[in-house]
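Everything on this sheet refers to the single structure shown next.
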There are 2 protein chains.
Amino acid sequence: MQGSAFRELPHVVILGGGFAGLYAVRALKNAPLRITLIDRRNHHLFQPLLYQVATAALAAPDIAEPIRKVFRRQRNVTVLLAEATSIDLQNRRVLLADGEVTYDRLVVATGSTHAYFGQDEWSRHAPGLKSIEDAFEIRRRVLSAFEAAEREDDPGEQRVWLTFVVVGAGPTGVELAGALREIAQRTLARDFRNFDPRETRVILIEGADRVLPPFPKELSRKARMLLEKRGVEVRTSRVVTGVDGEGVSIGDERIQARTVLWAAGVRASSLAKSLGVALDEQGRVLVKPDLSVPGHPEVFVVGDLAAVKQDGGWVPGMAPAAIQEGRHAALNIRRSIEGKPCLPFQYRDRGMLATIGRSSAVAAIGPFRFSGFLAWTLWLVVHIVWLIGFRNRLVVLFEWTWAYLTFQRSARVILDRPLGGPETLSPPTDAPSRRAADRPRLAKTEESDSDNG
Amino acid sequence: MQGSAFRELPHVVILGGGFAGLYAVRALKNAPLRITLIDRRNHHLFQPLLYQVATAALAAPDIAEPIRKVFRRQRNVTVLLAEATSIDLQNRRVLLADGEVTYDRLVVATGSTHAYFGQDEWSRHAPGLKSIEDAFEIRRRVLSAFEAAEREDDPGEQRVWLTFVVVGAGPTGVELAGALREIAQRTLARDFRNFDPRETRVILIEGADRVLPPFPKELSRKARMLLEKRGVEVRTSRVVTGVDGEGVSIGDERIQARTVLWAAGVRASSLAKSLGVALDEQGRVLVKPDLSVPGHPEVFVVGDLAAVKQDGGWVPGMAPAAIQEGRHAALNIRRSIEGKPCLPFQYRDRGMLATIGRSSAVAAIGPFRFSGFLAWTLWLVVHIVWLIGFRNRLVVLFEWTWAYLTFQRSARVILDRPLGGPETLSPPTDAPSRRAADRPRLAKTEESDSDNG
């Protein structure tokens, strides 16, 4: 489909279609380059709104745009659905799960995944939130817990089904906790006959001494106040020491809960290791100021995979930083091909935003700090503007307006569990129950088939 | 949550929240009854638009409404997420996978599933379309086939990836085939660099001598013409004799294709067998004219699970019939509780509609037959009106308008394969290929890891 002159152009390979990779490719529009963008998924995921898919407020397609569609008019780009397994810096090639590809310039932007403080077995009981499938799994667990509570007559067991624990109080943890209370308080208020959803407990646990640790202290205080006003139980300076199918341990303390969500700790993509260069303790590549890999000026690492030092601190692992780094790597590729020297990256802090829920958010923009309705409006506008795809912006705007007016959430669909996930949650069946004669009765089985089996 | 007087009311159990079950419950609004609606899924699925989820035109939540939400204001209903495994007519109880429930009146509306002419092993290679997960699987296969074609350099192999076979030319098969050609012709037209999606072949195979067999003959002819105009290859009077990972056999003829979709043959839900009454050859319950089970006036069977004789023929297994039957069972329950005799069911044929795609449909309403834009408009209106949930109507209307103007489909998200499905489709890796030096190359492996392995 592309001419032979095109085939002679320098080949730029970009690994990962997240914020960093996507904006790197965009910034190379019209450049005399052959670009190959490789991702193992067919879609760019708008991570900042993924928690809304998990909490049934949005459908997956609203925040997942096919990468191929994003670049259908940028003719110097080929998009490939493939999984990169390692990078061979010496021979300038990327090994794929089912092939290989060589490059003249490489941008590695494969991001991060969640980490469980080295306790990988916790993942079974406390799903994290990185992919659409993760979001569906969290949605399934949350909605299924209310379904199980409806079928349970033992008040103690019912309480365990109606206790939700969120580990980690960064923006995602705060947003999840706020949304869970909203679901219980508003969305499901009329839906059950055997319990009152408003009795649902949501407990947010954070190891640091405040919620939203990267934010200014006064906003952390404000966010905590807003969470507590909504009924979220906030516990800071508490480190989780155990997670199983029946709850969470924090040292000597035990919280009985059948739904635990993980929003603490990330680990860089394992592709970083194959580079054979120095990594930080999170597995991120310690890049040079121009974002290249030490000793390999033709290879750039950007986004969550890069550890970028600046003014004595680290550039935060957030979408705005990833976008800026992606664009900067593109600039340096253009310059290097024109024979110009690469420029050092300069992060510009555009501010920080986190929402607690309906009409409630905190914001730090330059010297300004604000919270409440104004911050929430700002949060809405920023997320609509940065969402990829005009149709998605319209639909999300509609969904938010609808949800604001009706208190409903439109994506309350429980899907079957995806391959490789932990077993199906089901109501515990060994608990004694008080039962009416023809209320549906749960069978007694010898062993519980709940998640702790 | 409900008082003790309520607990003394007659208990009506309804199995299945499809069209028949849902409209039965609705028709019992304000009746002095205690109703329990049981479904193994938490959502009512608007089946007539499921093919649009499969072909990436709609998101799942647009056509899946939580049953619990539908009835949140109908206070005489309790909704339970549970799986009915058998019915004990003697003791008036339903056995669940994890318990049991007794009834005074029972409505069985658990529908049908797809059947493979007794060749269950075909299901692995040719997914049918009954659930959201089925739709995701079809979407995944269709979109992944185009992705594999982009990575394939051998023109022969590319052709096999770009050949789609739909087995069965009822409304669903016709709709799927039409949508596949539209995706190839319009939606993906600019998206690939290594092949032209417009070369995609779509072959529709039907055992009967015409497409849309239940429709008037002149509309079958018209539908075939409309399909062929769009580039669908239609083969009637042809019975599939084999399906595997490499294609379809029709007697001596062989069609090489890596994506086969199943829209032929249904089998009634296995719950029918546990009743111990006479079934027809599709496993449906031969009900009495009042829709009750012979010998059990307190049990009604409705929807796809019921074989209802009328005027010498059978009432068709379509949504309008299911809705009418559900409502009629509700009427007879009200009457029997008031001590009045049950009335025989009278099916009113409201007409038939099927769409071939953009601006193209066929309709038979009473004595009128029409096709083209007018029939298509009618199809749109009818489906919007009958869709459950006001928000869903607005969103689907928006999606259709958007798709009409842009030729795009908004739900092009490939999800990981759900539990229990066949293995991952992957590009065949043993075919010789012509390759440019730094085009991504597929690794050679000893055995093909394609679906026929």
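Identifiers in the structure tokens: chain A, B, ... in order shown; residue index from 1 per chain; ligand index from 1 in order shown.
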Hey, what does DSSP flag as alpha helix (DSSP H) within region 96-310 of chain A? Can you give it to me as a ChimeraX atom specification?
/A:132-151,155-161,171-182,217-229
Using only C-alpha atoms, which protein or nucleic acid residues come within 9 Å of region 103-109 of chain B? Drop anything in the same chain fewer than 4 positions from it, and give the result as a PyMOL selection string.
(chain A and resi 438) or (chain B and resi 10-21+24+92-94+271-272+292+297-306+322+326+329-330+333)
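Distance annotation: of A:Glu8, A:Glu147, A:Glu121, A:Glu218, the residue with the minimal separation from chain B is A:Glu147; atom set is only C-alpha atoms.
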Apply DSSP to the backbone of this structure and, from region 188-228 of chain A, keep only the residues in strand (DSSP E); write these as number ranges by chain.
A: 201-205
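Compared by their closest atoms to chain B, and using only C-alpha atoms, the residues A:Glu253, A:Asp62, A:Glu137, A:Glu199 rank with A:Asp62 nearest.
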For CA of Ala263 (chain A) and CA of Asp134 (chain A), the interatomic separation in Å (one decimal)
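Pair CA of Ala263 (chain A) / CA of Asp134 (chain A) returns 11.8 Å.
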If we count only C-alpha atoms and set the cut-off at 12 Å, which residues sit around Val266 (chain B), ignoring sequence neighbours fewer than 6 positions away in its own chain? Please answer as a PyMOL selection string.
chain B and resi 111-118+128-130+168+170+281-284+304-305+317
Coordinates-based distance that separates CA of Ala223 (chain B) from CA of Ala57 (chain B) (Å, one decimal)
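It comes out at 21.4 Å.
For the pair CA of Val234 (chain A) and CA of Leu204 (chain A), the interatomic distance is 4.9 Å.
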I'd like the neighbourhood of Gly247 (chain B) as a ChimeraX atom specification, where a residue qualifies if any of its atoms comes within 10 Å (using only C-alpha atoms), though same-chain residues fewer than 4 positions away should be ignored.
/B:125-126,160,163-165,242-243,254-260,452
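Nearest to Thr36 (chain B) of all the residues B:Gln74, B:Arg334, B:Gln90, B:Gly276 is B:Gln74, based on only C-alpha atoms.
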Could you give me, as a CSV table (one decimal) with C-alpha atoms, in the first residue's frame, the residues within 10 Å of Val362 (chain A), counting only C-alpha atoms and dropping anything in the same chain fewer than 2 positions from it?
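As written to disk, around.csv reads:
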chain,number,residue,atom,x,y,z
A,212,LEU,CA,-3.4,11.7,47.9
A,215,PHE,CA,-0.8,16.5,46.5
A,218,GLU,CA,-3.9,21.1,52.6
A,219,LEU,CA,-5.6,19.3,49.7
A,220,SER,CA,-5.0,15.9,51.3
A,222,LYS,CA,-9.6,18.5,52.3
A,223,ALA,CA,-9.9,15.3,50.3
A,226,LEU,CA,-14.8,15.2,51.7
A,352,MET,CA,-3.1,18.1,39.9
A,353,LEU,CA,-6.7,17.0,40.1
A,354,ALA,CA,-8.6,14.2,41.8
A,355,THR,CA,-12.3,13.7,42.3
A,356,ILE,CA,-14.1,12.3,45.3
A,360,SER,CA,-16.6,17.1,44.8
A,364,ALA,CA,-3.9,22.3,42.7
A,369,ARG,CA,-5.6,25.3,45.7
A,370,PHE,CA,-9.4,24.7,45.5
A,371,SER,CA,-11.9,22.1,46.2
A,372,GLY,CA,-15.7,21.4,45.9
A,373,PHE,CA,-17.9,22.2,42.9
A,374,LEU,CA,-15.4,24.4,41.1
A,375,ALA,CA,-12.6,21.8,41.3
A,376,TRP,CA,-15.1,19.2,40.2
A,378,LEU,CA,-12.5,21.7,36.2
A,379,TRP,CA,-12.0,18.0,36.6
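Between chain A and the candidates B:Asn42, B:Ser131, B:Thr241, B:Gln185, the tightest atom-to-atom separation, counting only C-alpha atoms, involves B:Asn42.
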Nearest residue to Asp88 (chain B) from the set B:Ile388, B:Glu228, B:Ser274, B:Trp402 (distances using only C-alpha atoms):
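The shortest atom-to-atom distance to Asp88 (chain B) comes from B:Ser274.
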Got a sec: who's within 10 Å of Asp311 (chain B), counting only C-alpha atoms, leaving out chain neighbours fewer than 4 positions off, as a compact mmCIF listing (two decimals) with N, CA and C atoms, in the first residue's frame?
# COMPACT_ATOMS: atom_id res chain seq x y z
N VAL B 315 -46.41 -20.93 16.73
CA VAL B 315 -46.11 -19.52 16.98
C VAL B 315 -44.58 -19.37 16.89
N GLN B 346 -53.90 -16.23 22.28
CA GLN B 346 -54.13 -15.93 20.87
C GLN B 346 -52.98 -15.06 20.37
N TYR B 347 -52.13 -15.61 19.49
CA TYR B 347 -51.00 -14.83 18.99
C TYR B 347 -51.46 -13.84 17.94
For a quick check of understanding, using only C-alpha atoms, which of B:Pro367, B:Pro294, B:Gly99, B:Pro48 has the smallest distance to chain A?
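Checking each of B:Pro367, B:Pro294, B:Gly99, B:Pro48 against chain A, counting only C-alpha atoms, the winner is B:Gly99.
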